[in-house]
Amino acid sequence: MKVRSAGSGDRAGQGSLRAPFDLDRAIARLLTLGTYLSVLLLTVGIVSMAAAGRWPLQSPGVPGLDLARLPGDLAAARPAGFLWLGLLCMIATPSARVLAALLGYLRFGERSMVVVSVGILLVIAASVAIGLSGSGAA
Amino acid sequence: MIAGLGLIVGGAGAGLFGSLLGLGGGVLIVPMLTLGFGMPLRDAVGVSLVSVIVTSSASASVYLQRHVANLRLGMTLELFTAFGALVGGLLAYLLDERTLAGLFAALLIYVAISMLVRHDPRAGGEGAVANDAETSDDEEPPSGGRDATARLSGPGYRIRHIGPGLVGSIGAGVVSALLGIGGGLVKVPVMNVIMGVPLRVATATSNLMIGITASASAVIYLVRGGIDPSVAAPIAVGAFVGASLGSRTAHRIDLRVLRLLFVGVLGYTAFEMTRKALLL
């Protein structure tokens with residue numbers, strides 16, 4: 001089976017009787033899912049914030065991100081829970097796309113693209129680590 | 001309530017303009033939040049990065065579905081833009097507001113001028129993909145780079161000058177993280193002019209890349225408390241609606257009129273940001 005992706009430098013699928021695995025489309029579906037899920041969560045957060053009589057830029061604002069408190073906020077249908085989860089989903093969607101590409105390239109033995117994918121994920125991990133160390137120091 | 005609606009409408013306007021003109025919404029969202037809503041510039045940049053991710057994910061899914069974006073090339077370059085974004089995200093916390101405002105004003109002036117002299121990519125139609133960046137045999141890469149070049153090239157075009165392209169990608173990442181923009185303004189010319197990627201493929205691939213670039217720096221802003229979810233959420237939802245609307249109505253709108261209007265908005269915003277940089 002061949003992997004199909006624009007920029008493969010070959011004509012994917014040509015000369016092959018088996019349908020190529022379409023990595024581009026698989027990633028497109030993942031991006032669509034991540035975007036719709038994030039927008040849905042953010043919309044629920046906005047509506048529940050408005051229902052509670054709170055608006056953007058009001059003081060006191062939405063409590064800061066606290067992963068330990070997130071499940072409780074969601075269970076209690078607090079706006080902060082939906083807003084933070086929606087933002088986390090949104091920010092994680094591109095990384096999920098890279099992870100999906102990594103799995104695809106691993107499956108088809110494209111070592112150079114595996115290295116590139118791992119490198120991107122390492123940079124994202126470094127961002128999280130640096131952000132955490134900076135917030136701890138602050 | 002007015003603030004909430006204003007943010008949604010503002011986000012929608014930025015998403016609409018962005019999708020119609022091939023830009024991320026950051027160049028509009030950051031000035032709107034700082035000048036219109038009085039947010040500190042660094043907080044506005046954090047919010048803007050979220051909307052850039054929304055725009056990227058929504059549009060990249062369409063471009064990948066249609067096999068316009070070059071996934072291999074995009075991922076290779078975004079390794080370097082993500083690194084640049086990491087550096088830029090850290091620099092943003094070292095520079096003061098006036099410097100950031102001055103840099104942003106310079107960016108707006110650059111965008112306004114490039115919009116005025118820009119060729120409309122849609123004018124070339126479908127054929128533009130194959131025609132606007134011909135493969136040049138006189139620029140063969142060194143033997144060691146041939147495999148990589150072939151792997152990253154696409155139907156009808158061959159990549160060239162990978163090294164300068166990677167350096168340009170790092171620069172795009174730094175600018176993106178510092179100013180809360182997608183960085184397409186840097187990435188598209190780097191891919192099209194330096195690397196020989198057809199304009200339509202470069203635009204689509206840039207859309208794919210800006211999500212990772214923005215998320216690498218958004219993580220830093222998020223963890224350091226630089227993103228207010230009550231502001232980011234309406235902006236993101238608005239940008240999603242605006243970008244979706246823009247992609248469906250693009251063919252009905254006279255882009256020349258829109259571009260002139262946009263240049264006027266950018267010119268005024270650049271003036272206000274310059275004042276902010278000088279008077280803060």
# chains A, B, ... in the order shown; residues from 1 in each chain; ligands from 1
>>> interface_residues(of="chain A", to="chain B", cutoff="7 Å", atoms="only C-alpha atoms", output="ChimeraX atom specification")
/A:5-9,24-25,28-29,31-32,35,39,42-43,46,55-57,62,64,83-84,90-91,94-95,116,119-120,123-124,127-128,131-132,134-135
>>> select_by_dssp(residues="segment 123-272 of chain B", states="alpha helix (DSSP H)", output="ChimeraX atom specification")
/B:128-131,143-152,162-179,184-189,199-223,229-249,255-272
>>> residues_around(residues="Ala243 of chain B", least_positions_apart="3", cutoff="9 Å", atoms="only C-alpha atoms", output="ChimeraX atom specification")
/B:12-20,55,58-59,238-240,246-248
>>> write_last_selection(atoms="all heavy atoms", output="compact mmCIF listing (two decimals), in the first residue's frame")
# COMPACT_ATOMS: atom_id res chain seq x y z
N ALA B 12 -15.20 37.99 13.55
CA ALA B 12 -15.79 37.60 12.26
C ALA B 12 -15.24 38.46 11.13
O ALA B 12 -14.91 37.96 10.05
CB ALA B 12 -17.31 37.70 12.32
N GLY B 13 -15.13 39.77 11.38
CA GLY B 13 -14.58 40.68 10.37
C GLY B 13 -13.15 40.31 10.02
O GLY B 13 -12.76 40.26 8.85
N ALA B 14 -12.36 40.02 11.05
CA ALA B 14 -10.96 39.64 10.81
C ALA B 14 -10.87 38.33 10.05
O ALA B 14 -10.06 38.18 9.12
CB ALA B 14 -10.22 39.52 12.14
N GLY B 15 -11.73 37.36 10.42
CA GLY B 15 -11.74 36.07 9.72
C GLY B 15 -12.16 36.23 8.27
O GLY B 15 -11.59 35.61 7.37
N LEU B 16 -13.16 37.09 8.05
CA LEU B 16 -13.67 37.34 6.69
C LEU B 16 -12.59 38.00 5.82
O LEU B 16 -12.27 37.51 4.74
CB LEU B 16 -14.91 38.23 6.77
CG LEU B 16 -15.64 38.53 5.47
CD1 LEU B 16 -16.26 37.27 4.90
CD2 LEU B 16 -16.73 39.57 5.69
N PHE B 17 -12.04 39.11 6.33
CA PHE B 17 -10.97 39.81 5.60
C PHE B 17 -9.80 38.85 5.35
O PHE B 17 -9.25 38.80 4.26
CB PHE B 17 -10.46 41.01 6.41
CG PHE B 17 -11.07 42.31 6.01
CD1 PHE B 17 -11.91 43.00 6.87
CD2 PHE B 17 -10.81 42.86 4.76
CE1 PHE B 17 -12.48 44.21 6.51
CE2 PHE B 17 -11.37 44.07 4.39
CZ PHE B 17 -12.21 44.74 5.27
N GLY B 18 -9.42 38.11 6.40
CA GLY B 18 -8.27 37.22 6.30
C GLY B 18 -8.46 36.18 5.22
O GLY B 18 -7.57 35.95 4.40
N SER B 19 -9.64 35.55 5.20
CA SER B 19 -9.85 34.48 4.21
C SER B 19 -9.97 35.06 2.81
O SER B 19 -9.54 34.44 1.84
CB SER B 19 -11.08 33.65 4.56
OG SER B 19 -12.24 34.43 4.41
N LEU B 20 -10.55 36.26 2.67
CA LEU B 20 -10.69 36.86 1.34
C LEU B 20 -9.36 37.33 0.79
O LEU B 20 -9.12 37.27 -0.41
CB LEU B 20 -11.66 38.05 1.39
CG LEU B 20 -13.13 37.70 1.56
CD1 LEU B 20 -13.96 38.96 1.74
CD2 LEU B 20 -13.64 36.92 0.36
N THR B 55 -8.18 29.77 12.23
CA THR B 55 -8.18 30.01 10.79
C THR B 55 -7.37 28.94 10.07
O THR B 55 -7.78 28.41 9.04
CB THR B 55 -7.57 31.40 10.50
OG1 THR B 55 -8.23 32.37 11.30
CG2 THR B 55 -7.74 31.78 9.04
N ALA B 58 -9.19 25.43 10.15
CA ALA B 58 -10.38 25.41 9.30
C ALA B 58 -10.01 25.40 7.82
O ALA B 58 -10.58 24.65 7.03
CB ALA B 58 -11.27 26.61 9.63
N SER B 59 -9.05 26.24 7.43
CA SER B 59 -8.72 26.32 6.00
C SER B 59 -7.80 25.19 5.55
O SER B 59 -7.93 24.67 4.45
CB SER B 59 -8.13 27.68 5.67
OG SER B 59 -7.05 27.94 6.51
N GLY B 238 -15.95 33.98 16.31
CA GLY B 238 -16.20 34.96 15.25
C GLY B 238 -15.29 34.72 14.06
O GLY B 238 -15.74 34.74 12.90
N ALA B 239 -14.01 34.46 14.32
CA ALA B 239 -13.05 34.22 13.23
C ALA B 239 -13.44 32.97 12.44
O ALA B 239 -13.34 32.94 11.21
CB ALA B 239 -11.65 34.05 13.79
N PHE B 240 -13.93 31.96 13.15
CA PHE B 240 -14.36 30.72 12.48
C PHE B 240 -15.54 31.01 11.54
O PHE B 240 -15.55 30.58 10.38
CB PHE B 240 -14.76 29.69 13.54
CG PHE B 240 -15.34 28.43 12.98
CD1 PHE B 240 -14.52 27.49 12.36
CD2 PHE B 240 -16.70 28.17 13.05
CE1 PHE B 240 -15.05 26.32 11.83
CE2 PHE B 240 -17.23 27.01 12.52
CZ PHE B 240 -16.41 26.08 11.91
N GLY B 246 -16.16 33.75 4.35
CA GLY B 246 -15.26 34.29 3.33
C GLY B 246 -14.92 33.28 2.26
O GLY B 246 -14.93 33.59 1.06
N SER B 247 -14.67 32.03 2.68
CA SER B 247 -14.30 31.01 1.68
C SER B 247 -15.46 30.68 0.76
O SER B 247 -15.25 30.21 -0.35
CB SER B 247 -13.80 29.74 2.39
OG SER B 247 -14.83 29.21 3.18
N ARG B 248 -16.70 30.95 1.22
CA ARG B 248 -17.86 30.66 0.38
C ARG B 248 -18.27 31.84 -0.50
O ARG B 248 -19.01 31.66 -1.47
CB ARG B 248 -19.04 30.24 1.26
CG ARG B 248 -18.93 28.82 1.76
CD ARG B 248 -19.92 28.53 2.86
NE ARG B 248 -19.82 27.16 3.32
CZ ARG B 248 -18.86 26.69 4.11
NH1 ARG B 248 -17.90 27.49 4.52
NH2 ARG B 248 -18.84 25.42 4.47
>>> residues_around(residues="Ala96 of chain A", least_positions_apart="6", cutoff="10 Å", atoms="only C-alpha atoms", output="MDAnalysis selection string")
chainID A and resid 27 30:31 34 89 102 121
>>> write_last_selection(atoms="all heavy atoms", output="short mmCIF file (atom, residue, chain, number, x, y, z; two decimals), in the first residue's frame")
data_model
loop_
_atom_site.label_atom_id
_atom_site.label_comp_id
_atom_site.auth_asym_id
_atom_site.auth_seq_id
_atom_site.Cartn_x
_atom_site.Cartn_y
_atom_site.Cartn_z
N ILE A 27 -5.72 13.49 7.65
CA ILE A 27 -5.34 14.64 8.49
C ILE A 27 -6.38 15.75 8.37
O ILE A 27 -6.71 16.42 9.36
CB ILE A 27 -3.93 15.13 8.10
CG1 ILE A 27 -2.90 14.08 8.52
CG2 ILE A 27 -3.60 16.46 8.75
CD1 ILE A 27 -1.50 14.38 8.12
N LEU A 30 -9.15 15.00 10.68
CA LEU A 30 -8.76 15.26 12.07
C LEU A 30 -8.83 16.77 12.37
O LEU A 30 -9.33 17.18 13.43
CB LEU A 30 -7.34 14.75 12.30
CG LEU A 30 -6.77 14.96 13.70
CD1 LEU A 30 -7.48 14.06 14.70
CD2 LEU A 30 -5.28 14.68 13.73
N LEU A 31 -8.34 17.59 11.44
CA LEU A 31 -8.39 19.05 11.64
C LEU A 31 -9.82 19.55 11.73
O LEU A 31 -10.16 20.39 12.57
CB LEU A 31 -7.66 19.76 10.49
CG LEU A 31 -6.14 19.69 10.46
CD1 LEU A 31 -5.58 20.33 9.20
CD2 LEU A 31 -5.54 20.39 11.69
N GLY A 34 -11.24 18.53 15.12
CA GLY A 34 -10.68 19.35 16.20
C GLY A 34 -11.25 20.75 16.20
O GLY A 34 -11.59 21.30 17.26
N CYS A 89 -8.31 22.35 23.38
CA CYS A 89 -8.56 21.54 22.16
C CYS A 89 -8.06 22.27 20.93
O CYS A 89 -7.43 21.69 20.05
CB CYS A 89 -10.06 21.28 21.99
SG CYS A 89 -10.67 19.93 22.96
N LEU A 102 2.87 11.63 11.96
CA LEU A 102 3.97 10.78 12.45
C LEU A 102 3.57 9.30 12.35
O LEU A 102 4.34 8.47 11.86
CB LEU A 102 4.31 11.16 13.90
CG LEU A 102 5.23 10.21 14.66
CD1 LEU A 102 6.61 10.14 14.01
CD2 LEU A 102 5.37 10.63 16.12
N LEU A 121 7.22 17.83 17.30
CA LEU A 121 6.61 17.54 18.60
C LEU A 121 7.56 17.89 19.75
O LEU A 121 7.12 18.34 20.81
CB LEU A 121 6.19 16.06 18.66
CG LEU A 121 5.04 15.69 17.72
CD1 LEU A 121 4.80 14.19 17.70
CD2 LEU A 121 3.75 16.41 18.13
#
